[in-house]
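Colleague: Below you'll find start-v8.pdb; it's PDB, C-alpha atoms.
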```
MODEL        1
ATOM      1  CA  MET A  64      53.844 -23.064  26.078
ATOM      2  CA  LEU A  65      51.674 -20.113  25.201
ATOM      3  CA  PRO A  66      51.534 -17.279  27.709
ATOM      4  CA  VAL A  67      48.282 -16.864  29.642
ATOM      5  CA  LEU A  68      47.314 -13.772  27.644
ATOM      6  CA  GLU A  69      47.513 -15.635  24.326
ATOM      7  CA  ILE A  70      45.544 -18.578  25.742
ATOM      8  CA  LEU A  71      42.835 -16.204  26.952
ATOM      9  CA  TRP A  72      42.700 -14.507  23.534
ATOM     10  CA  PHE A  73      42.386 -17.825  21.706
ATOM     11  CA  ALA A  74      39.622 -18.969  24.047
ATOM     12  CA  LEU A  75      37.589 -15.759  23.730
ATOM     13  CA  PHE A  76      37.995 -15.520  19.966
ATOM     14  CA  ALA A  77      37.101 -19.173  19.360
ATOM     15  CA  LEU A  78      34.084 -18.908  21.669
ATOM     16  CA  ASP A  79      32.835 -15.816  19.841
ATOM     17  CA  VAL A  80      33.234 -17.536  16.463
ATOM     18  CA  VAL A  81      31.318 -20.594  17.662
ATOM     19  CA  LEU A  82      28.494 -18.482  19.095
ATOM     20  CA  LEU A  83      28.296 -16.416  15.911
ATOM     21  CA  VAL A  84      28.087 -19.490  13.688
ATOM     22  CA  ARG A  85      25.393 -21.037  15.885
ATOM     23  CA  LEU A  86      23.409 -17.784  15.877
ATOM     24  CA  ARG A  87      23.527 -17.525  12.083
ATOM     25  CA  ARG A  88      22.424 -21.148  11.700
ATOM     26  CA  ARG A  89      19.602 -20.706  14.195
ATOM     27  CA  ILE A  90      18.333 -17.634  12.342
ATOM     28  CA  ARG A  91      18.560 -19.330   8.944
ATOM     29  CA  SER A  92      16.815 -22.502  10.110
ATOM     30  CA  ARG A  93      13.958 -20.700  11.885
ATOM     31  CA  PRO A  94      10.844 -22.887  11.710
ATOM     32  CA  SER A  95       8.059 -21.856   9.377
ATOM     33  CA  THR A  96       4.434 -22.833   9.096
ATOM     34  CA  SER A  97       3.365 -24.412   5.828
ATOM     35  CA  ASP A  98      -0.189 -23.115   6.190
ATOM     36  CA  PHE A  99      -0.007 -19.752   4.445
ATOM     37  CA  GLU A 100      -0.920 -18.065   1.182
ATOM     38  CA  LEU A 101       1.311 -15.261   0.003
ATOM     39  CA  SER A 102       0.031 -12.050  -1.523
ATOM     40  CA  ALA A 103       1.743 -10.554  -4.571
ATOM     41  CA  SER A 104       3.423  -7.961  -2.321
ATOM     42  CA  GLU A 105       4.761 -10.653   0.018
ATOM     43  CA  ALA A 106       6.091 -12.697  -2.898
ATOM     44  CA  ALA A 107       7.728  -9.553  -4.296
ATOM     45  CA  PHE A 108       9.428  -8.965  -0.938
ATOM     46  CA  LEU A 109      10.906 -12.459  -1.032
ATOM     47  CA  PHE A 110      12.433 -11.776  -4.440
ATOM     48  CA  GLY A 111      13.667  -8.222  -3.936
ATOM     49  CA  GLN A 112      12.744  -6.926  -0.493
ATOM     50  CA  GLN A 113      11.313  -3.406  -0.042
ATOM     51  CA  ASP A 114      12.238  -2.015  -3.461
ATOM     52  CA  ARG A 115      10.517  -4.867  -5.276
ATOM     53  CA  VAL A 116       7.348  -4.423  -3.215
ATOM     54  CA  VAL A 117       7.092  -0.780  -4.336
ATOM     55  CA  GLU A 118       7.895  -1.650  -7.965
ATOM     56  CA  THR A 119       5.164  -4.307  -7.977
ATOM     57  CA  ALA A 120       2.653  -1.845  -6.533
ATOM     58  CA  VAL A 121       3.528   0.675  -9.261
ATOM     59  CA  ALA A 122       3.137  -2.001 -11.949
ATOM     60  CA  LYS A 123      -0.314  -2.948 -10.670
ATOM     61  CA  LEU A 124      -1.409   0.701 -10.487
ATOM     62  CA  ILE A 125      -0.322   1.305 -14.089
ATOM     63  CA  ARG A 126      -2.069  -1.864 -15.224
ATOM     64  CA  ASP A 127      -5.301  -0.920 -13.446
ATOM     65  CA  GLY A 128      -5.279   2.632 -14.854
ATOM     66  CA  HIS A 129      -4.695   4.394 -11.508
ATOM     67  CA  ILE A 130      -1.347   5.762 -12.697
ATOM     68  CA  ARG A 131      -0.653   7.038 -16.207
ATOM     69  CA  ALA A 132       2.845   6.718 -17.681
ATOM     70  CA  THR A 133       3.810   9.724 -19.815
ATOM     71  CA  ARG A 134       7.108  10.031 -21.625
ATOM     72  CA  SER A 135       7.464  13.735 -20.869
ATOM     73  CA  VAL A 136       7.120  13.734 -17.070
ATOM     74  CA  GLY A 137       7.020  10.099 -15.956
ATOM     75  CA  LEU A 138       4.248   8.676 -13.767
ATOM     76  CA  VAL A 139       1.130  10.722 -13.049
ATOM     77  CA  ARG A 140      -1.729   9.844 -10.709
ATOM     78  CA  VAL A 141      -5.102   9.638 -12.413
ATOM     79  CA  GLU A 142      -7.691  11.894 -10.792
ATOM     80  CA  GLY A 143      -9.861  10.016  -8.304
ATOM     81  CA  ALA A 144      -7.617   6.938  -8.304
ATOM     82  CA  GLN A 145      -7.903   4.764  -5.187
ATOM     83  CA  SER A 146      -6.745   1.335  -4.077
ATOM     84  CA  SER A 147      -7.630  -0.941  -1.188
ATOM     85  CA  ASP A 148      -4.117  -2.413  -1.119
ATOM     86  CA  PRO A 149      -2.105  -0.674   1.660
ATOM     87  CA  VAL A 150       1.121  -0.365  -0.343
ATOM     88  CA  GLU A 151      -0.659   0.816  -3.484
ATOM     89  CA  ALA A 152      -2.628   3.355  -1.427
ATOM     90  CA  THR A 153       0.639   4.646   0.059
ATOM     91  CA  VAL A 154       2.148   5.062  -3.409
ATOM     92  CA  LEU A 155      -0.936   6.888  -4.671
ATOM     93  CA  SER A 156      -1.042   9.230  -1.683
ATOM     94  CA  GLY A 157       2.581  10.209  -2.243
ATOM     95  CA  LEU A 158       2.166  10.835  -5.953
ATOM     96  CA  GLY A 159       1.102  14.450  -5.717
ATOM     97  CA  ALA A 160       3.422  15.456  -8.543
ATOM     98  CA  PRO A 161       4.769  13.452 -11.507
ATOM     99  CA  MET A 162       7.641  11.156 -10.531
ATOM    100  CA  SER A 163       9.809   8.450 -12.047
ATOM    101  CA  VAL A 164       9.550   4.873 -10.807
ATOM    102  CA  ASN A 165      12.995   5.193  -9.221
ATOM    103  CA  ALA A 166      11.886   8.265  -7.262
ATOM    104  CA  ILE A 167       8.753   6.462  -6.070
ATOM    105  CA  VAL A 168      10.802   3.478  -4.880
ATOM    106  CA  LYS A 169      13.219   5.749  -3.054
ATOM    107  CA  ALA A 170      10.367   7.624  -1.390
ATOM    108  CA  HIS A 171       8.454   4.575  -0.148
ATOM    109  CA  ARG A 172      10.955   1.754   0.437
ATOM    110  CA  GLY A 173      11.113   2.668   4.125
ATOM    111  CA  SER A 174       7.426   3.419   4.624
ATOM    112  CA  GLU A 175       5.449   1.695   7.362
ATOM    113  CA  LYS A 176       3.202  -0.217   4.954
ATOM    114  CA  VAL A 177       6.149  -1.580   2.982
ATOM    115  CA  LEU A 178       8.121  -2.580   6.071
ATOM    116  CA  SER A 179       5.045  -4.311   7.494
ATOM    117  CA  VAL A 180       5.153  -6.726   4.540
ATOM    118  CA  GLY A 181       8.566  -7.917   5.706
ATOM    119  CA  GLU A 182       7.356  -8.143   9.297
ATOM    120  CA  GLU A 183       4.488 -10.402   8.246
ATOM    121  CA  LEU A 184       6.919 -12.664   6.399
ATOM    122  CA  ALA A 185       9.186 -12.748   9.444
ATOM    123  CA  ASP A 186       6.221 -13.897  11.526
ATOM    124  CA  LEU A 187       5.781 -16.747   9.025
ATOM    125  CA  GLY A 188       9.453 -17.687   9.409
ATOM    126  CA  LEU A 189      10.334 -16.742   5.824
ATOM    127  CA  CYS A 190      12.408 -13.615   6.455
ATOM    128  CA  THR A 191      14.983 -12.476   8.956
ATOM    129  CA  THR A 192      14.480  -9.370  11.073
ATOM    130  CA  ASP A 193      16.404  -6.241  11.983
ATOM    131  CA  ARG A 194      16.916  -7.763  15.427
ATOM    132  CA  ASP A 195      18.556 -10.810  13.827
ATOM    133  CA  ARG A 196      20.941  -8.607  11.873
ATOM    134  CA  ALA A 197      21.695  -6.492  14.947
ATOM    135  CA  SER A 198      22.544  -9.601  16.967
ATOM    136  CA  VAL A 199      24.940 -10.892  14.321
ATOM    137  CA  LYS A 200      26.493  -7.452  13.939
ATOM    138  CA  GLU A 201      27.090  -7.296  17.695
ATOM    139  CA  PHE A 202      28.890 -10.640  17.733
ATOM    140  CA  TYR A 203      30.931  -9.654  14.711
ATOM    141  CA  GLY A 204      31.875  -6.428  16.468
ATOM    142  CA  HIS A 205      33.309  -8.504  19.306
ATOM    143  CA  LEU A 206      35.400 -10.452  16.801
ATOM    144  CA  VAL A 207      36.766  -7.273  15.257
ATOM    145  CA  ILE A 208      37.788  -5.933  18.662
ATOM    146  CA  LEU A 209      39.485  -9.215  19.569
ATOM    147  CA  ALA A 210      41.264  -9.309  16.209
ATOM    148  CA  LEU A 211      42.597  -5.798  16.796
ATOM    149  CA  LEU A 212      43.751  -6.786  20.274
ATOM    150  CA  TRP A 213      45.914  -9.459  18.692
ATOM    151  CA  VAL A 214      48.271  -6.785  17.344
ATOM    152  CA  PRO A 215      49.477  -5.445  20.730
ATOM    153  CA  ILE A 216      49.547  -8.996  22.115
ATOM    154  CA  THR A 217      51.978 -10.143  19.417
ATOM    155  CA  LEU A 218      54.111  -7.014  19.894
ATOM    156  CA  THR A 219      54.473  -7.511  23.638
ATOM    157  CA  SER A 220      55.029 -11.271  23.745
ATOM    158  CA  THR A 221      56.607 -14.148  21.884
ATOM    159  CA  ILE A 222      54.270 -16.588  20.161
ATOM    160  CA  SER A 223      55.074 -19.893  18.512
ATOM    161  CA  GLY A 224      54.570 -20.605  14.821
ATOM    162  CA  PRO A 225      51.564 -22.958  15.288
ATOM    163  CA  GLY A 226      49.885 -20.469  17.590
ATOM    164  CA  LEU A 227      50.315 -17.685  15.049
ATOM    165  CA  LEU A 228      48.917 -19.915  12.299
ATOM    166  CA  VAL A 229      45.813 -20.736  14.339
ATOM    167  CA  ALA A 230      45.279 -17.043  15.087
ATOM    168  CA  VAL A 231      45.518 -16.139  11.395
ATOM    169  CA  VAL A 232      43.053 -18.908  10.453
ATOM    170  CA  LEU A 233      40.561 -17.720  13.070
ATOM    171  CA  VAL A 234      40.777 -14.109  11.909
ATOM    172  CA  LEU A 235      40.410 -15.076   8.232
ATOM    173  CA  TYR A 236      37.382 -17.219   9.029
ATOM    174  CA  ALA A 237      35.804 -14.315  10.908
ATOM    175  CA  VAL A 238      36.379 -12.100   7.870
ATOM    176  CA  SER A 239      34.773 -14.710   5.598
ATOM    177  CA  ILE A 240      31.472 -14.566   7.513
ATOM    178  CA  ARG A 241      31.310 -10.780   7.736
ATOM    179  CA  SER A 242      28.397 -10.594   5.278
ATOM    180  CA  GLY A 243      25.912 -10.914   8.126
ATOM    181  CA  VAL A 244      22.450 -12.399   7.763
ATOM    182  CA  SER A 245      20.655 -13.254   4.540
ATOM    183  CA  PRO A 246      17.282 -11.486   4.197
ATOM    184  CA  LEU A 247      15.626 -14.897   3.761
ATOM    185  CA  THR A 248      15.570 -17.938   5.991
ATOM    186  CA  LYS A 249      15.974 -21.429   4.564
ATOM    187  CA  ALA A 250      12.169 -21.699   4.449
ATOM    188  CA  GLY A 251      12.021 -18.390   2.578
ATOM    189  CA  GLU A 252      14.546 -19.570   0.006
ATOM    190  CA  ASP A 253      12.566 -22.783  -0.468
ATOM    191  CA  THR A 254       9.409 -20.717  -0.983
ATOM    192  CA  VAL A 255      11.132 -18.591  -3.641
ATOM    193  CA  ALA A 256      12.241 -21.777  -5.418
ATOM    194  CA  GLY A 257       8.675 -23.073  -5.219
ATOM    195  CA  ILE A 258       7.271 -19.884  -6.770
ATOM    196  CA  ARG A 259       9.772 -20.097  -9.619
ATOM    197  CA  SER A 260       8.944 -23.732 -10.314
ATOM    198  CA  GLY A 261       5.207 -23.139 -10.011
ATOM    199  CA  SER A 262       4.696 -25.480  -7.059
ATOM    200  CA  VAL A 263       3.847 -22.518  -4.806
ATOM    201  CA  LYS A 264       0.917 -20.540  -6.167
ATOM    202  CA  VAL A 265       0.599 -16.790  -5.618
ATOM    203  CA  PRO A 266      -2.760 -15.104  -6.289
ATOM    204  CA  GLY A 267      -2.350 -12.608  -9.114
ATOM    205  CA  PHE A 268       0.749 -14.207 -10.614
ATOM    206  CA  ASP A 269      -1.306 -15.541 -13.496
ATOM    207  CA  ASP A 270      -0.996 -11.961 -14.776
ATOM    208  CA  LEU A 271       2.556 -11.629 -16.129
ATOM    209  CA  THR A 272       2.452  -7.876 -15.532
ATOM    210  CA  VAL A 273       2.527  -8.646 -11.823
ATOM    211  CA  ALA A 274       4.619 -11.827 -11.914
ATOM    212  CA  ASP A 275       7.425 -10.469 -14.092
ATOM    213  CA  VAL A 276       7.868  -7.313 -12.024
ATOM    214  CA  ALA A 277       7.573  -9.091  -8.673
ATOM    215  CA  MET A 278      10.096 -11.765  -9.608
ATOM    216  CA  ARG A 279      12.468  -9.791 -11.834
ATOM    217  CA  GLY A 280      11.958  -6.071 -11.261
ATOM    218  CA  PHE A 281      10.242  -3.165 -13.005
ATOM    219  CA  ARG A 282      12.770  -3.273 -15.851
ATOM    220  CA  PHE A 283      10.856  -6.335 -17.030
ATOM    221  CA  TYR A 284       7.436  -4.647 -17.123
ATOM    222  CA  PRO A 285       5.864  -6.143 -20.273
ATOM    223  CA  ASP A 286       4.648  -2.868 -21.821
ATOM    224  CA  ALA A 287       7.848  -1.353 -23.193
ATOM    225  CA  GLU A 288       6.317   2.079 -23.840
ATOM    226  CA  ALA A 289       4.919   2.397 -20.309
ATOM    227  CA  ARG A 290       8.118   1.004 -18.826
ATOM    228  CA  ASP A 291      10.345   3.495 -20.604
ATOM    229  CA  ALA A 292       7.998   6.360 -19.740
ATOM    230  CA  ALA A 293       8.184   5.342 -16.072
ATOM    231  CA  TYR A 294      11.908   6.081 -16.233
ATOM    232  CA  ASN A 295      11.061   9.634 -17.392
ATOM    233  CA  GLY A 296      11.283   8.710 -21.059
ATOM    234  CA  ARG A 297      14.746   7.162 -20.702
ATOM    235  CA  PRO A 298      14.692   3.390 -21.140
ATOM    236  CA  PRO A 299      16.759   1.319 -18.687
ATOM    237  CA  SER A 300      20.132   0.148 -19.931
ATOM    238  CA  ARG A 301      20.269  -2.869 -22.223
ATOM    239  CA  ARG A 302      22.433  -4.661 -19.659
ATOM    240  CA  ALA A 303      19.859  -4.063 -16.925
ATOM    241  CA  ARG A 304      17.031  -5.338 -19.101
ATOM    242  CA  SER A 305      18.920  -8.505 -20.073
ATOM    243  CA  SER A 306      20.144  -9.372 -16.584
ATOM    244  CA  CYS A 307      17.938 -11.215 -14.123
ATOM    245  CA  GLY A 308      17.005  -9.648 -10.830
ATOM    246  CA  GLY A 309      14.993 -12.004  -8.652
ATOM    247  CA  GLY A 310      14.191 -14.769 -11.158
ATOM    248  CA  CYS A 311      12.320 -15.720 -14.292
ATOM    249  CA  SER A 312       8.732 -16.692 -14.443
ATOM    250  CA  SER A 313       8.687 -20.397 -15.036
ATOM    251  CA  SER A 314       5.806 -20.797 -17.438
ATOM    252  CA  CYS A 315       2.774 -19.301 -19.112
ATOM    253  CA  SER A 316       0.505 -22.117 -18.129
ATOM    254  CA  SER A 317      -1.991 -19.792 -16.529
ATOM    255  CA  SER A 318      -2.295 -17.307 -19.373
ATOM    256  CA  SER A 319      -2.276 -17.331 -23.151
ATOM    257  CA  CYS A 320       0.500 -15.764 -25.198
ATOM    258  CA  SER A 321      -0.027 -13.903 -28.407
ATOM    259  CA  SER A 322       1.244 -15.628 -31.505
ATOM    260  CA  SER A 323       4.053 -13.090 -31.907
ATOM    261  CA  SER A 324       5.534 -13.610 -28.494
ATOM    262  CA  SER A 325       6.782 -16.399 -26.306
ATOM    263  CA  CYS A 326       7.787 -16.974 -22.725
ATOM    264  CA  SER A 327      11.269 -17.762 -21.616
ATOM    265  CA  SER A 328      11.666 -21.483 -21.145
ATOM    266  CA  SER A 329      14.183 -21.089 -18.334
ATOM    267  CA  SER A 330      12.876 -21.474 -14.798
ATOM    268  CA  SER A 331      16.012 -20.054 -13.230
ATOM    269  CA  CYS A 332      18.300 -17.138 -13.905
ATOM    270  CA  SER A 333      21.445 -18.526 -12.423
ATOM    271  CA  SER A 334      23.233 -19.057 -15.701
ATOM    272  CA  SER A 335      21.166 -17.505 -18.480
ATOM    273  CA  SER A 336      19.555 -14.197 -19.270
ATOM    274  CA  CYS A 337      15.843 -13.697 -19.275
ATOM    275  CA  SER A 338      14.097 -12.750 -22.424
ATOM    276  CA  SER A 339      13.661  -9.054 -22.995
ATOM    277  CA  SER A 340      10.392  -7.239 -23.115
ATOM    278  CA  SER A 341       9.981  -7.975 -26.796
ATOM    279  CA  SER A 342       9.761 -11.707 -26.045
ATOM    280  CA  SER A 343       7.606 -11.504 -22.934
ATOM    281  CA  CYS A 344       3.988 -12.522 -22.878
ATOM    282  CA  SER A 345       1.600  -9.684 -23.446
ATOM    283  CA  SER A 346      -0.099  -8.719 -20.228
ATOM    284  CA  SER A 347      -3.316  -8.205 -22.108
ATOM    285  CA  SER A 348      -3.386 -11.737 -23.522
TER     286      SER A 348
ENDMDL
END
```
With the file now loaded, output its structure as structure tokens.
Modeller:
Amino acid sequence: MLPVLEILWFALFALDVVLLVRLRRRIRSRPSTSDFELSASEAAFLFGQQDRVVETAVAKLIRDGHIRATRSVGLVRVEGAQSSDPVEATVLSGLGAPMSVNAIVKAHRGSEKVLSVGEELADLGLCTTDRDRASVKEFYGHLVILALLWVPITLTSTISGPGLLVAVVLVLYAVSIRSGVSPLTKAGEDTVAGIRSGSVKVPGFDDLTVADVAMRGFRFYPDAEARDAAYNGRPPSRRARSSCGGGCSSSCSSSSCSSSSSCSSSSSCSSSSCSSSSSSCSSSS
């Protein structure tokens, strides 16, 4: 027979694990409306959260001539440049002095306009929220406390082999789910898969300058010279350019490629590298 203290510990720990698992499943399976059209910034958030939203805004500003990429100092705001997009306007307003793309991302990833993109997606049921993560963290904190309490319990009482085995299994399972909450719900992950396959259309993604950066990161900006200049004249590492961030664009059906370039035929980056900038479609085609 297990002493009362051990029985109480098992009951509390098992209850906390069950509640935590149910909470995570409820958050992940949050219902979503199918009646929505994503902007390029919202799609970028799904692929890479706040950092990708800022990178996509920078890419669009360079493309539209509002920001000039210079190898000597990085990114410079063009005099009189304006944008009606809230995130782009925030980036422009903060570009008083030349900056690299990394510095711009660091400066604006926590800005109100960028965070509001995630809040809008959460309202659509595509993203999780800070409250979701706080709730899971609170439950996990309870598990950690209970796991630590197991040490003095075992030192002050005798426990049978099966009871010890069950306790170890419960603690190991709690450790295995310590990662918390995914930034995307199941509906959000399905939407990302739909964008990659082309079944979910995003306005502006017919321009590979926007699509490549939103889905894969600024290291895949098609214009190699502008991209390298955005990193203050230092190109990103070869490994970074050849690895896939959020995903590959699935096709070039909506734009023409120049005869000297081709699009990657892979619609997923799970097991293969994306083509480098030299094999990307020209954004001007």
Colleague: Convert the output of the PyMOL selection byres ((chain A and resi 153) around 10) on the shown file into explicit residues, formatted as number ranges by chain.
Modeller: A: 117, 120, 146, 148-152, 154-158, 171, 174-177
Colleague: Tell me, as a PDB file with C-alpha atoms, in the coordinates of the input, which residues lie within 8 Å of Phe76 in chain A, counting all atoms listed in the file; anything in the same chain fewer than 2 positions away does not count.
Modeller:
```pdb
ATOM      1  CA  TRP A  72      42.700 -14.507  23.534  1.00  0.00           C
ATOM      2  CA  PHE A  73      42.386 -17.825  21.706  1.00  0.00           C
ATOM      3  CA  ALA A  74      39.622 -18.969  24.047  1.00  0.00           C
ATOM      4  CA  LEU A  78      34.084 -18.908  21.669  1.00  0.00           C
ATOM      5  CA  ASP A  79      32.835 -15.816  19.841  1.00  0.00           C
ATOM      6  CA  VAL A  80      33.234 -17.536  16.463  1.00  0.00           C
ATOM      7  CA  LEU A 206      35.400 -10.452  16.801  1.00  0.00           C
ATOM      8  CA  LEU A 209      39.485  -9.215  19.569  1.00  0.00           C
ATOM      9  CA  ALA A 210      41.264  -9.309  16.209  1.00  0.00           C
ATOM     10  CA  LEU A 233      40.561 -17.720  13.070  1.00  0.00           C
TER      11      LEU A 233
END
```
Colleague: Counting all atoms listed in the file, figure out which residue out of A:Val180, A:Leu86, A:Ala293, A:Val136 gets nearest to Phe281 in chain A.
Modeller: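 Checking each candidate against Phe281 in chain A, we get A:Ala293 as the closest.
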Colleague: For Arg172 in chain A, list every protein, DNA or RNA residue within 6 Å, evaluated using all atoms listed in the file, and leave out those in the same chain fewer than 2 positions away; present the list as a count of residues only.
Modeller: 5
Colleague: What's the separation between CA of Ile258 in chain A and CA of Ser92 in chain A, in Å to one decimal place?
Modeller: 19.6 Å
Colleague: Hey, which of A:Thr191, A:Ser95, A:Thr272, A:Ser245 ends up closest to Ala122 in chain A? Count all atoms listed in the file.
Modeller: A:Thr272
Colleague: Given the choices A:Val207, A:Leu109, A:Ala160, A:Ala287, which gets closest to Asp253 in chain A if the distance is worked out from all atoms listed in the file?
Modeller: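 Looking only at the distances to Asp253 in chain A, the closest residue turns out to be A:Leu109.
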Colleague: Record the distance separating CA of Ser102 in chain A and CA of Cys190 in chain A, expressed in Å with one decimal.
Modeller: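 Interatomic distance here is 14.8 Å.
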Colleague: For Phe99 in chain A, which of A:Leu189, A:Ala166, A:Val121, A:Ile70 is the closest residue, counting all atoms listed in the file?
Modeller: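 When distances to Phe99 in chain A are compared using all atoms listed in the file, the smallest one comes from A:Leu189.
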Colleague: So what does the PyMOL selection byres ((chain A and resi 199) around 8) actually pick up in this one, as a PyMOL selection string?
Modeller: chain A and resi 83+86-87+195-198+200-203+243-244
Colleague: Export C-alpha atoms of the chosen residues as a PDB file, in the frame of the given file?
Modeller:
```pdb
ATOM      1  CA  LEU A  83      28.296 -16.416  15.911  1.00  0.00           C
ATOM      2  CA  LEU A  86      23.409 -17.784  15.877  1.00  0.00           C
ATOM      3  CA  ARG A  87      23.527 -17.525  12.083  1.00  0.00           C
ATOM      4  CA  ASP A 195      18.556 -10.810  13.827  1.00  0.00           C
ATOM      5  CA  ARG A 196      20.941  -8.607  11.873  1.00  0.00           C
ATOM      6  CA  ALA A 197      21.695  -6.492  14.947  1.00  0.00           C
ATOM      7  CA  SER A 198      22.544  -9.601  16.967  1.00  0.00           C
ATOM      8  CA  LYS A 200      26.493  -7.452  13.939  1.00  0.00           C
ATOM      9  CA  GLU A 201      27.090  -7.296  17.695  1.00  0.00           C
ATOM     10  CA  PHE A 202      28.890 -10.640  17.733  1.00  0.00           C
ATOM     11  CA  TYR A 203      30.931  -9.654  14.711  1.00  0.00           C
ATOM     12  CA  GLY A 243      25.912 -10.914   8.126  1.00  0.00           C
ATOM     13  CA  VAL A 244      22.450 -12.399   7.763  1.00  0.00           C
TER      14      VAL A 244
END
```
Colleague: Distance CA of Lys249 in chain A-CA of Ala106 in chain A, one decimal place?
Modeller: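 CA of Lys249 in chain A sits 15.2 Å away from CA of Ala106 in chain A.
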